[in-house]
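These notes concern the structure reproduced below.
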Amino acid sequence: MDKYFYDLINTTGNLHIQDIIMRIAFSVIIGLVIYISYKYTHSGTVYSEKFNITLVTLTILTTTVMIVIGNNIALSLGMVGALSIIRFRTSIKDSRDTIYIFWTIVVGICAGVGDYFVAAVGSTAVFIMLLAFGKVKSEDRILVIIKASRLVEQDISRVIFEYFPTAPMLKVKNSTPEKTEMIYEVNRKILEKAEKIEINRSLEEKRDNRSLLDILYSIGDIEYANIIVQSDEIT
């Protein structure tokens, strides 16, 4: 019994050089697939070339670690202890980055143990899923930010609630003895509907089309009024 546990703990992989090269090469190929997928699904300030290259490198490193560990339980426990001292403090700009990090680790583990079929099928499914839904962005929320004198606070609220067909949500209200700043949240459909109503109203009254900002600035004592699309790229 003691000899059994001793052999189990000290079992090491007996891979030929061809097997090692094949596993590393497979991880490189899937890593390049991950690279293409990440580059396609990310754009603008969210995309990071350095992070994309890191994903490929992480796939190869995970495969290398799995090859070294093999079936050696003692070595695997030692690797867990050694890797536990690493602290990753890179900020994640996009929630999809977590998917890609986990994808590289899973592929590295599968390639390291020589399970190419599982890695290929899983990567194909993930690649198709991200290809279909990877460019989906949350750009429906719109913020209307207004800073003005407190004397016209009631006039601003009246204009906002008259302009939009559905009452917007007041998210933030900051004030000082002289100034006030209000942030309203609406969605794109409500804003577009309000703009159409205002255009039709302006045409009936034979006036120039006025936007929400034009109406707000006509009140007076407005320091600034901004309309911001709250997309995934805004952190």
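Identifiers in the structure tokens: chain A, B, ... in order shown; residue index from 1 per chain; ligand index from 1 in order shown.
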
Neighbours of Lys179 of chain A within 10 Å (only C-alpha atoms; same-chain residues fewer than 5 positions away dropped), as an mmCIF file with all heavy atoms, in the first residue's frame?
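Written out: out.cif:
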```cif
data_model
loop_
_atom_site.group_PDB
_atom_site.id
_atom_site.type_symbol
_atom_site.label_atom_id
_atom_site.label_comp_id
_atom_site.auth_asym_id
_atom_site.auth_seq_id
_atom_site.Cartn_x
_atom_site.Cartn_y
_atom_site.Cartn_z
ATOM 1 N N LYS A 147 -25.798 71.520 -15.907
ATOM 2 C CA LYS A 147 -25.304 72.321 -14.800
ATOM 3 C C LYS A 147 -25.730 73.762 -15.020
ATOM 4 O O LYS A 147 -25.471 74.334 -16.092
ATOM 5 C CB LYS A 147 -23.789 72.231 -14.670
ATOM 6 C CG LYS A 147 -23.251 72.969 -13.439
ATOM 7 C CD LYS A 147 -21.757 72.766 -13.267
ATOM 8 C CE LYS A 147 -21.262 73.450 -11.997
ATOM 9 N NZ LYS A 147 -19.802 73.270 -11.806
ATOM 10 N N ALA A 148 -26.395 74.320 -14.038
ATOM 11 C CA ALA A 148 -26.944 75.664 -14.202
ATOM 12 C C ALA A 148 -27.092 76.329 -12.840
ATOM 13 O O ALA A 148 -26.752 75.761 -11.797
ATOM 14 C CB ALA A 148 -28.293 75.599 -14.919
ATOM 15 N N SER A 149 -27.613 77.532 -12.885
ATOM 16 C CA SER A 149 -27.896 78.265 -11.649
ATOM 17 C C SER A 149 -29.093 77.637 -10.952
ATOM 18 O O SER A 149 -30.025 77.136 -11.596
ATOM 19 C CB SER A 149 -28.184 79.731 -11.971
ATOM 20 O OG SER A 149 -28.670 80.401 -10.822
ATOM 21 N N ARG A 150 -29.092 77.686 -9.645
ATOM 22 C CA ARG A 150 -30.207 77.111 -8.889
ATOM 23 C C ARG A 150 -31.493 77.884 -9.106
ATOM 24 O O ARG A 150 -32.588 77.374 -8.853
ATOM 25 C CB ARG A 150 -29.869 77.084 -7.396
ATOM 26 C CG ARG A 150 -28.787 76.067 -7.032
ATOM 27 C CD ARG A 150 -28.677 75.911 -5.525
ATOM 28 N NE ARG A 150 -29.906 75.384 -4.954
ATOM 29 C CZ ARG A 150 -30.121 75.242 -3.650
ATOM 30 N NH1 ARG A 150 -29.186 75.610 -2.777
ATOM 31 N NH2 ARG A 150 -31.255 74.747 -3.209
ATOM 32 N N LEU A 151 -31.380 79.103 -9.611
ATOM 33 C CA LEU A 151 -32.570 79.926 -9.838
ATOM 34 C C LEU A 151 -33.446 79.355 -10.945
ATOM 35 O O LEU A 151 -34.657 79.614 -10.978
ATOM 36 C CB LEU A 151 -32.153 81.359 -10.185
ATOM 37 C CG LEU A 151 -31.360 82.116 -9.094
ATOM 38 C CD1 LEU A 151 -30.938 83.476 -9.598
ATOM 39 C CD2 LEU A 151 -32.189 82.238 -7.819
ATOM 40 N N VAL A 152 -32.839 78.587 -11.867
ATOM 41 C CA VAL A 152 -33.604 78.049 -12.997
ATOM 42 C C VAL A 152 -33.813 76.544 -12.865
ATOM 43 O O VAL A 152 -34.128 75.872 -13.855
ATOM 44 C CB VAL A 152 -32.893 78.377 -14.329
ATOM 45 C CG1 VAL A 152 -32.858 79.873 -14.561
ATOM 46 C CG2 VAL A 152 -31.478 77.795 -14.354
ATOM 47 N N GLU A 153 -33.630 76.027 -11.680
ATOM 48 C CA GLU A 153 -33.758 74.574 -11.476
ATOM 49 C C GLU A 153 -35.157 74.082 -11.812
ATOM 50 O O GLU A 153 -35.320 73.051 -12.477
ATOM 51 C CB GLU A 153 -33.414 74.239 -10.023
ATOM 52 C CG GLU A 153 -33.486 72.756 -9.699
ATOM 53 C CD GLU A 153 -33.074 72.452 -8.265
ATOM 54 O OE1 GLU A 153 -32.338 73.267 -7.671
ATOM 55 O OE2 GLU A 153 -33.500 71.401 -7.748
ATOM 56 N N ASN A 174 -26.536 67.179 -7.774
ATOM 57 C CA ASN A 174 -25.544 67.838 -6.931
ATOM 58 C C ASN A 174 -25.828 69.331 -6.920
ATOM 59 O O ASN A 174 -26.206 69.913 -7.947
ATOM 60 C CB ASN A 174 -24.129 67.594 -7.462
ATOM 61 C CG ASN A 174 -23.778 66.116 -7.498
ATOM 62 O OD1 ASN A 174 -24.119 65.367 -6.585
ATOM 63 N ND2 ASN A 174 -23.131 65.682 -8.576
ATOM 64 N N ASP A 221 -28.863 81.124 -17.917
ATOM 65 C CA ASP A 221 -28.126 80.704 -16.715
ATOM 66 C C ASP A 221 -27.744 79.224 -16.756
ATOM 67 O O ASP A 221 -27.641 78.578 -15.706
ATOM 68 C CB ASP A 221 -28.927 81.005 -15.436
ATOM 69 C CG ASP A 221 -29.034 82.491 -15.162
ATOM 70 O OD1 ASP A 221 -28.135 83.232 -15.583
ATOM 71 O OD2 ASP A 221 -30.039 82.905 -14.536
ATOM 72 N N ILE A 222 -27.562 78.671 -17.955
ATOM 73 C CA ILE A 222 -27.128 77.292 -18.124
ATOM 74 C C ILE A 222 -25.628 77.302 -18.381
ATOM 75 O O ILE A 222 -25.161 77.876 -19.365
ATOM 76 C CB ILE A 222 -27.849 76.592 -19.288
ATOM 77 C CG1 ILE A 222 -29.367 76.648 -19.107
ATOM 78 C CG2 ILE A 222 -27.354 75.145 -19.416
ATOM 79 C CD1 ILE A 222 -29.888 75.808 -17.965
ATOM 80 N N GLU A 223 -24.853 76.668 -17.486
ATOM 81 C CA GLU A 223 -23.409 76.609 -17.680
ATOM 82 C C GLU A 223 -23.049 75.617 -18.771
ATOM 83 O O GLU A 223 -22.233 75.908 -19.640
ATOM 84 C CB GLU A 223 -22.719 76.238 -16.374
ATOM 85 C CG GLU A 223 -21.201 76.256 -16.448
ATOM 86 C CD GLU A 223 -20.548 76.078 -15.097
ATOM 87 O OE1 GLU A 223 -21.176 76.430 -14.076
ATOM 88 O OE2 GLU A 223 -19.407 75.582 -15.060
#
```

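Computed from the coordinates, the atom CA of Asp97 of chain A to atom CA of Val68 of chain A distance equals 27.2 Å.
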
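Look at Tyr38 of chain A: the protein and nucleic acid residues within 9 Å of it, using only C-alpha atoms and passing over chain neighbours fewer than 5 places away, are Val33, Tyr47, Asn52, Asp97, Tyr100, Leu130 and Gly134 of chain A.
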
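The interatomic distance for the pair atom CA of Ala120 of chain A and atom CA of Met22 of chain A works out to 14.0 Å.
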
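Each of A:Ser27, A:Thr54, A:Ser211, A:Ser95 was checked against Val159 of chain A using only C-alpha atoms; the smallest atom-to-atom distance is that of A:Ser211.
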
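Straight-line separation from atom CA of Thr166 of chain A to atom CA of Thr180 of chain A: 23.2 Å.
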
Go through A:Ile145, A:Val186, A:Trp103, A:Ser48 one by one, measure the shortest atom-to-atom distance of each to Tyr163 of chain A using only C-alpha atoms, and give the residue with the smallest value. A:Val186

Find the spatial neighbours of Val106 of chain A, counting only C-alpha atoms, within a cut-off of 12 Å - ignore same-chain residues fewer than 2 positions away - and output them as an MDAnalysis selection string. chainID A and resid 27 30:31 34 55 58:63 66 99:104 108:113 115:116 118:120 122:123 126
